[in-house]
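One structure is given here, and the rest of the page talks about it.
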Amino acid sequence: MADYELILFKNMAKTGYDGSLKAYQQEGGYAALKRVLSDFSPADVIDEVKKSGLRGRGGAGFPAGLKWSFIPKDYKGPRYLCCNADESEPGTYKDRQLMERDPHQMLEGMAICCYAIGAQKAYIYIRGEFDLGAEILNDAIDEACTAKVLGKDIFGSGFNLEIVVHRGAGAYICGEETALLESIEGKRGKPRIKPPFPAIHGLYQEPTVINNVETLANIPHIINKGASWFAGIGTEKSTGTKIYSVSGHVKRPGNFEAPMGVTLREIIYDFAGGIKGDKQLKAVIPGGASAPFMTPEQIDTPMDFDSIKAIGSMLGSAAITVMDETTCIVWAAMNLMEFFHHESCGQCTPCREGSAWILQILRRIENGLGEETDLALLEELCGRIGGNTVCAFGDAEIGPILSTIKHFRAEYENHIREKCCPLRPKARLAMAH
Amino acid sequence: MKLKTLSEKTVKRIEAEYTKYPDKRSVTLPALRIVQEDNAHISESAMADIATLLGLTPIQVYEVATFYSQYNLKPVGKYFIQVCKTLACSLVGAGSIVDYLQEKLGIAVGETTQDGLFTLKLVECLAACGGAPMMQINDRYYEGLNPERVDRILSDLKKYGTSDLATGPFMLPVMQG
């Protein structure tokens with residue numbers, strides 16, 4: 001693997017680093033927060049983050065500093081920061097590593113953000129299944145409050161910050177920022193109609209910033225080393241490093257930190273060691289289940305927000321799932337549709353009903369019962385879902401379907417013509433339920 | 001305030017959550033989790049008690065309890081096995097792990113063993129895709145599964161109640177020397 005500078009994984013890559021407050025401070029931890037509280041105005045912090053070019057790591061890639069600047073400056077009531085640690089996009093498992101191995105990095109980033117937006121309370125929305133992560137974060141917060149680097153009168157500055165870990169309970173949709181707010185408010189995770197945006201009416205209707213774990217973990221480094229240093233890493237419009245979570249048919253799955261803009265080829269064949277059993281690559285998802293499939297011909301595309309978008313997919317969470325030549329594409333699309341159908345919150349009819357219809361059609365094609373008209377029907381259904389729902393879930397769920405029909409149409413047609421799945425033994429169909 | 005089901009201890013744990021939020025309704029999710037931890041599952045009368053505590057209508061609690069997949073509205077075994085079936089896990093053998101578990105435990109997906117020890121369920125992505133195939137048992141993850149590891153994990157749980165094959169603070173690939 002090429003020798004790229006580690007930022008977010010730098011501490012945890014060191015032998016014996018245990019993620020404790022002491023270990024973090026030995027590596028210079030909380031120096032950025034201390035400096036911000038004594039030398040920076042909130043506007044200075046926002047300006048620095050804006051200049052760094054940091055874009056949100058949760059999937060949408062919205063400029064972080066710009067998002068912070070939307071919080072009304074003269075607002076008298078409370079403001080909130082919510083750290084999105086729901087990590088539920090299939091293929092993604094990077095935030096888990098950031099939280100469990102170096103929790104203070106993210107907490108320091110949260111504290112700096114809260115100072116910048118004038119929040120005295122922050123919630124970490126962590127997915128319910130991350131028991132270990134929640135334990136580690138709660139311990140880290142206690143440790144930091146005892147040492148007075150978080151909590152009341154931080155570093156004697158008069159700035160107070162309370163951070164609360166709020167645990168989800170199993171719902172993909174709560175990674176959507178307004179569903180996340182609903183969930184903290186004790187409700188079902190149903191996305192809200194935007195506008196109003198959370199910066200104006202967010203948690204408890206107060207101005208709120210929602211940022212991903214990885215986004216916030218970058219903040220202390222931007223303060224320490226400066227916006228221009230950060231902007232010099234990666235590409236012009238996608239700055240900094242990215243953690244690429246690689247899964248599927250590779251020799252060495254894992255989280256790899258490298259600059260934005262490295263190619264998928266380098267990630268798959270160098271970082272992850274290539275395809276297991278040296279088989280041929282058939283398809284790859286570059287940014288979690290919501291990102292349209294890519295073909296082997298496209299893997300020289302740089303992994304940055306704009307380049308991946310330009311070829312019709314999306315960088316998303318940069319969770320890369322690799323499929324080799326033995327993979328049935330119809331089965332893979334069906335598997336993802338089972339996920340989306342299960343996770344649709346049910347609020348919008350096109351998404352709720354459409355996901356069920358698409359899944360039913362995919363199941364019959366995969367089981368050898370497809371009809372000639374099914375592909376046109378799938379495309380029509382997708383067309384009726386996209387753009388017709390409250391949140392981006394509707395657009396996400398049609399991505400895998402439309403892209404697989406586009407790139408692997410012959411394979412769908414084979415299933416329908418031959419009346420069976422040419423690639424998958426019957427026994428494996430049990431997983432359809 | 002008259003409660004039907006919840007113990008004093010459970011109520012105290014729920015009340016300890018109040019200070020974390022400006023609005024009591026926010027305690028709905030933590031309260032459901034606490035009730036499940038204390039009682040293994042969440043009954044409708046427990047939901048009504050939560051509603052009474054938080055000043056909500058029973059339906060406001062019920063609709064939350066039925067929305068999120070982690071709440072068990074029916075009893076489950078002492079060890080609740082949840083195997084991930086989403087793409088990354090299914091690509092590398094989740095199906096054969098499920099087959100193996102069904103055969104070994106003598107139950108189908110969705111069932112509980114007669115001794116009440118194990119319940120088997122399939123779930124969607126648990127964010128452990130690099131360690132696929134994987135499963136969650138109670139509050140811990142078990143990754144890189146194969147039949148031998150499954151054997152060890154189940155026998156450890158029976159004997160000791162825990163297994164050192166559970167994943168600790170996560171890192172993949174392991175970078176430390």
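Each chain in the structure tokens gets a letter, A, B, ..., in the order shown, and its residues are numbered from 1; ligands are numbered from 1 in order too.
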
List the spatial neighbours of B:Val92 as a PyMOL selection string - criterion: any atom at most 12 Å away, only C-alpha atoms, same-chain residues fewer than 4 positions off excluded. (chain A and resi 247-251+253+276+321-324+326-327+428) or (chain B and resi 84-88+96-97+129-134+143-146)

For the selection you just gave me, I'd like the residues written to a file as a compact mmCIF listing (two decimals), in the first residue's frame, keeping C-alpha atoms.
```
# COMPACT_ATOMS: atom_id res chain seq x y z
CA SER A 247 -16.04 -5.44 1.82
CA GLY A 248 -17.11 -8.35 -0.35
CA HIS A 249 -14.88 -10.47 -2.57
CA VAL A 250 -11.47 -9.01 -1.69
CA LYS A 251 -8.43 -10.63 -0.13
CA PRO A 253 -11.20 -6.26 3.61
CA LYS A 276 -10.21 -13.23 -3.54
CA THR A 321 -18.52 -3.57 -1.89
CA VAL A 322 -16.72 -5.73 -4.42
CA MET A 323 -18.39 -8.51 -6.40
CA ASP A 324 -16.48 -11.11 -8.39
CA THR A 326 -19.44 -15.62 -9.69
CA THR A 327 -21.93 -13.05 -8.36
CA ARG A 428 -28.73 -20.17 -1.85
CA CYS B 84 -26.57 -10.27 9.18
CA LYS B 85 -27.99 -11.15 5.74
CA THR B 86 -27.25 -7.95 3.79
CA LEU B 87 -25.06 -7.94 0.68
CA ALA B 88 -21.49 -7.90 2.03
CA SER B 96 -24.12 -21.19 4.91
CA ILE B 97 -23.64 -19.82 8.44
CA CYS B 129 -19.08 -5.62 6.61
CA GLY B 130 -15.30 -6.05 6.68
CA GLY B 131 -15.65 -8.87 9.21
CA ALA B 132 -18.32 -10.67 7.21
CA PRO B 133 -19.97 -13.04 7.73
CA MET B 134 -20.99 -11.83 11.17
CA GLU B 143 -17.11 -11.67 13.06
CA GLY B 144 -15.20 -13.72 10.52
CA LEU B 145 -17.58 -16.61 11.14
CA ASN B 146 -17.01 -20.20 10.03
```

Give me, as a list in words, the residues of chain B touching chain A, with the criterion being at most 6 Å (counting only C-alpha atoms).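 Those within range of chain A come out as Arg25, Ser26, Thr28, Leu29, Val64, Tyr68, Ser69, Gln70, Ala88, Gly95, Cys125, Ala127, Ala128, Cys129, Gly130, Asp139, Pro169, Phe170, Met171, Leu172, Pro173, Met175, Gln176 and Gly177 of chain B.
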
Shell of 9 Å around A:Ala140, only C-alpha atoms, local chain residues under 5 positions omitted, as a list in words: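 Selected residues are Gly19, Ser20, Leu21, Pro103, His104, Leu107, Glu135 and Cys145 of chain A.
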
Could you please take those selected residues and save all heavy atoms as an mmCIF file, in the first residue's frame?
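Wrote result_7.cif, looks like this:
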```cif
data_model
loop_
_atom_site.group_PDB
_atom_site.id
_atom_site.type_symbol
_atom_site.label_atom_id
_atom_site.label_comp_id
_atom_site.auth_asym_id
_atom_site.auth_seq_id
_atom_site.Cartn_x
_atom_site.Cartn_y
_atom_site.Cartn_z
ATOM 1 N N GLY A 19 -6.591 4.736 23.107
ATOM 2 C CA GLY A 19 -7.748 5.620 22.954
ATOM 3 C C GLY A 19 -8.170 6.316 24.239
ATOM 4 O O GLY A 19 -9.184 7.016 24.252
ATOM 5 N N SER A 20 -7.425 6.141 25.311
ATOM 6 C CA SER A 20 -7.775 6.807 26.572
ATOM 7 C C SER A 20 -7.458 8.296 26.462
ATOM 8 O O SER A 20 -6.742 8.731 25.560
ATOM 9 C CB SER A 20 -6.980 6.203 27.726
ATOM 10 O OG SER A 20 -5.594 6.470 27.530
ATOM 11 N N LEU A 21 -7.979 9.065 27.418
ATOM 12 C CA LEU A 21 -7.719 10.511 27.428
ATOM 13 C C LEU A 21 -6.225 10.777 27.530
ATOM 14 O O LEU A 21 -5.670 11.636 26.836
ATOM 15 C CB LEU A 21 -8.467 11.155 28.599
ATOM 16 C CG LEU A 21 -8.242 12.661 28.763
ATOM 17 C CD1 LEU A 21 -8.753 13.428 27.554
ATOM 18 C CD2 LEU A 21 -8.919 13.159 30.032
ATOM 19 N N PRO A 103 -11.986 7.643 20.600
ATOM 20 C CA PRO A 103 -13.219 8.404 20.830
ATOM 21 C C PRO A 103 -12.990 9.894 21.074
ATOM 22 O O PRO A 103 -13.803 10.721 20.685
ATOM 23 C CB PRO A 103 -13.837 7.743 22.065
ATOM 24 C CG PRO A 103 -12.702 7.049 22.749
ATOM 25 C CD PRO A 103 -11.784 6.621 21.639
ATOM 26 N N HIS A 104 -11.856 10.239 21.705
ATOM 27 C CA HIS A 104 -11.641 11.644 22.049
ATOM 28 C C HIS A 104 -11.414 12.525 20.818
ATOM 29 O O HIS A 104 -11.686 13.719 20.850
ATOM 30 C CB HIS A 104 -10.469 11.780 23.026
ATOM 31 C CG HIS A 104 -10.814 11.277 24.395
ATOM 32 N ND1 HIS A 104 -11.625 11.967 25.262
ATOM 33 C CD2 HIS A 104 -10.486 10.125 25.037
ATOM 34 C CE1 HIS A 104 -11.771 11.283 26.385
ATOM 35 N NE2 HIS A 104 -11.098 10.148 26.268
ATOM 36 N N LEU A 107 -14.794 13.553 19.959
ATOM 37 C CA LEU A 107 -15.355 14.421 21.001
ATOM 38 C C LEU A 107 -14.735 15.818 20.931
ATOM 39 O O LEU A 107 -15.425 16.823 21.096
ATOM 40 C CB LEU A 107 -15.135 13.806 22.395
ATOM 41 C CG LEU A 107 -15.882 12.495 22.681
ATOM 42 C CD1 LEU A 107 -15.475 11.928 24.045
ATOM 43 C CD2 LEU A 107 -17.391 12.693 22.624
ATOM 44 N N GLU A 135 -20.655 2.216 25.116
ATOM 45 C CA GLU A 135 -19.923 2.092 26.391
ATOM 46 C C GLU A 135 -18.628 2.903 26.337
ATOM 47 O O GLU A 135 -18.293 3.641 27.272
ATOM 48 C CB GLU A 135 -19.562 0.621 26.672
ATOM 49 C CG GLU A 135 -20.735 -0.245 27.095
ATOM 50 C CD GLU A 135 -20.394 -1.750 27.040
ATOM 51 O OE1 GLU A 135 -19.198 -2.109 27.147
ATOM 52 O OE2 GLU A 135 -21.329 -2.560 26.874
ATOM 53 N N CYS A 145 -14.880 14.834 31.206
ATOM 54 C CA CYS A 145 -15.533 15.779 32.121
ATOM 55 C C CYS A 145 -14.760 15.858 33.442
ATOM 56 O O CYS A 145 -14.590 16.943 34.001
ATOM 57 C CB CYS A 145 -16.979 15.382 32.368
ATOM 58 S SG CYS A 145 -18.030 15.673 30.929
#
```

Members of stretch 1-117 of chain B assigned alpha helix (DSSP H) by DSSP, as a ChimeraX atom specification: /B:8-15,28-39,44-54,58-65,87-91,94-105

Env of B:Ser45: 12 Å cut, atoms = only C-alpha atoms, seq-sep filter 4 positions within chain, self excluded. Answer as a PyMOL selection string. chain B and resi 2-6+35+41+49-52+58-59+61-62+73

For atom CA of A:Glu176 and atom CA of A:Gly399, determine how far apart the two atoms are, in Å to one decimal place. 16.9 Å
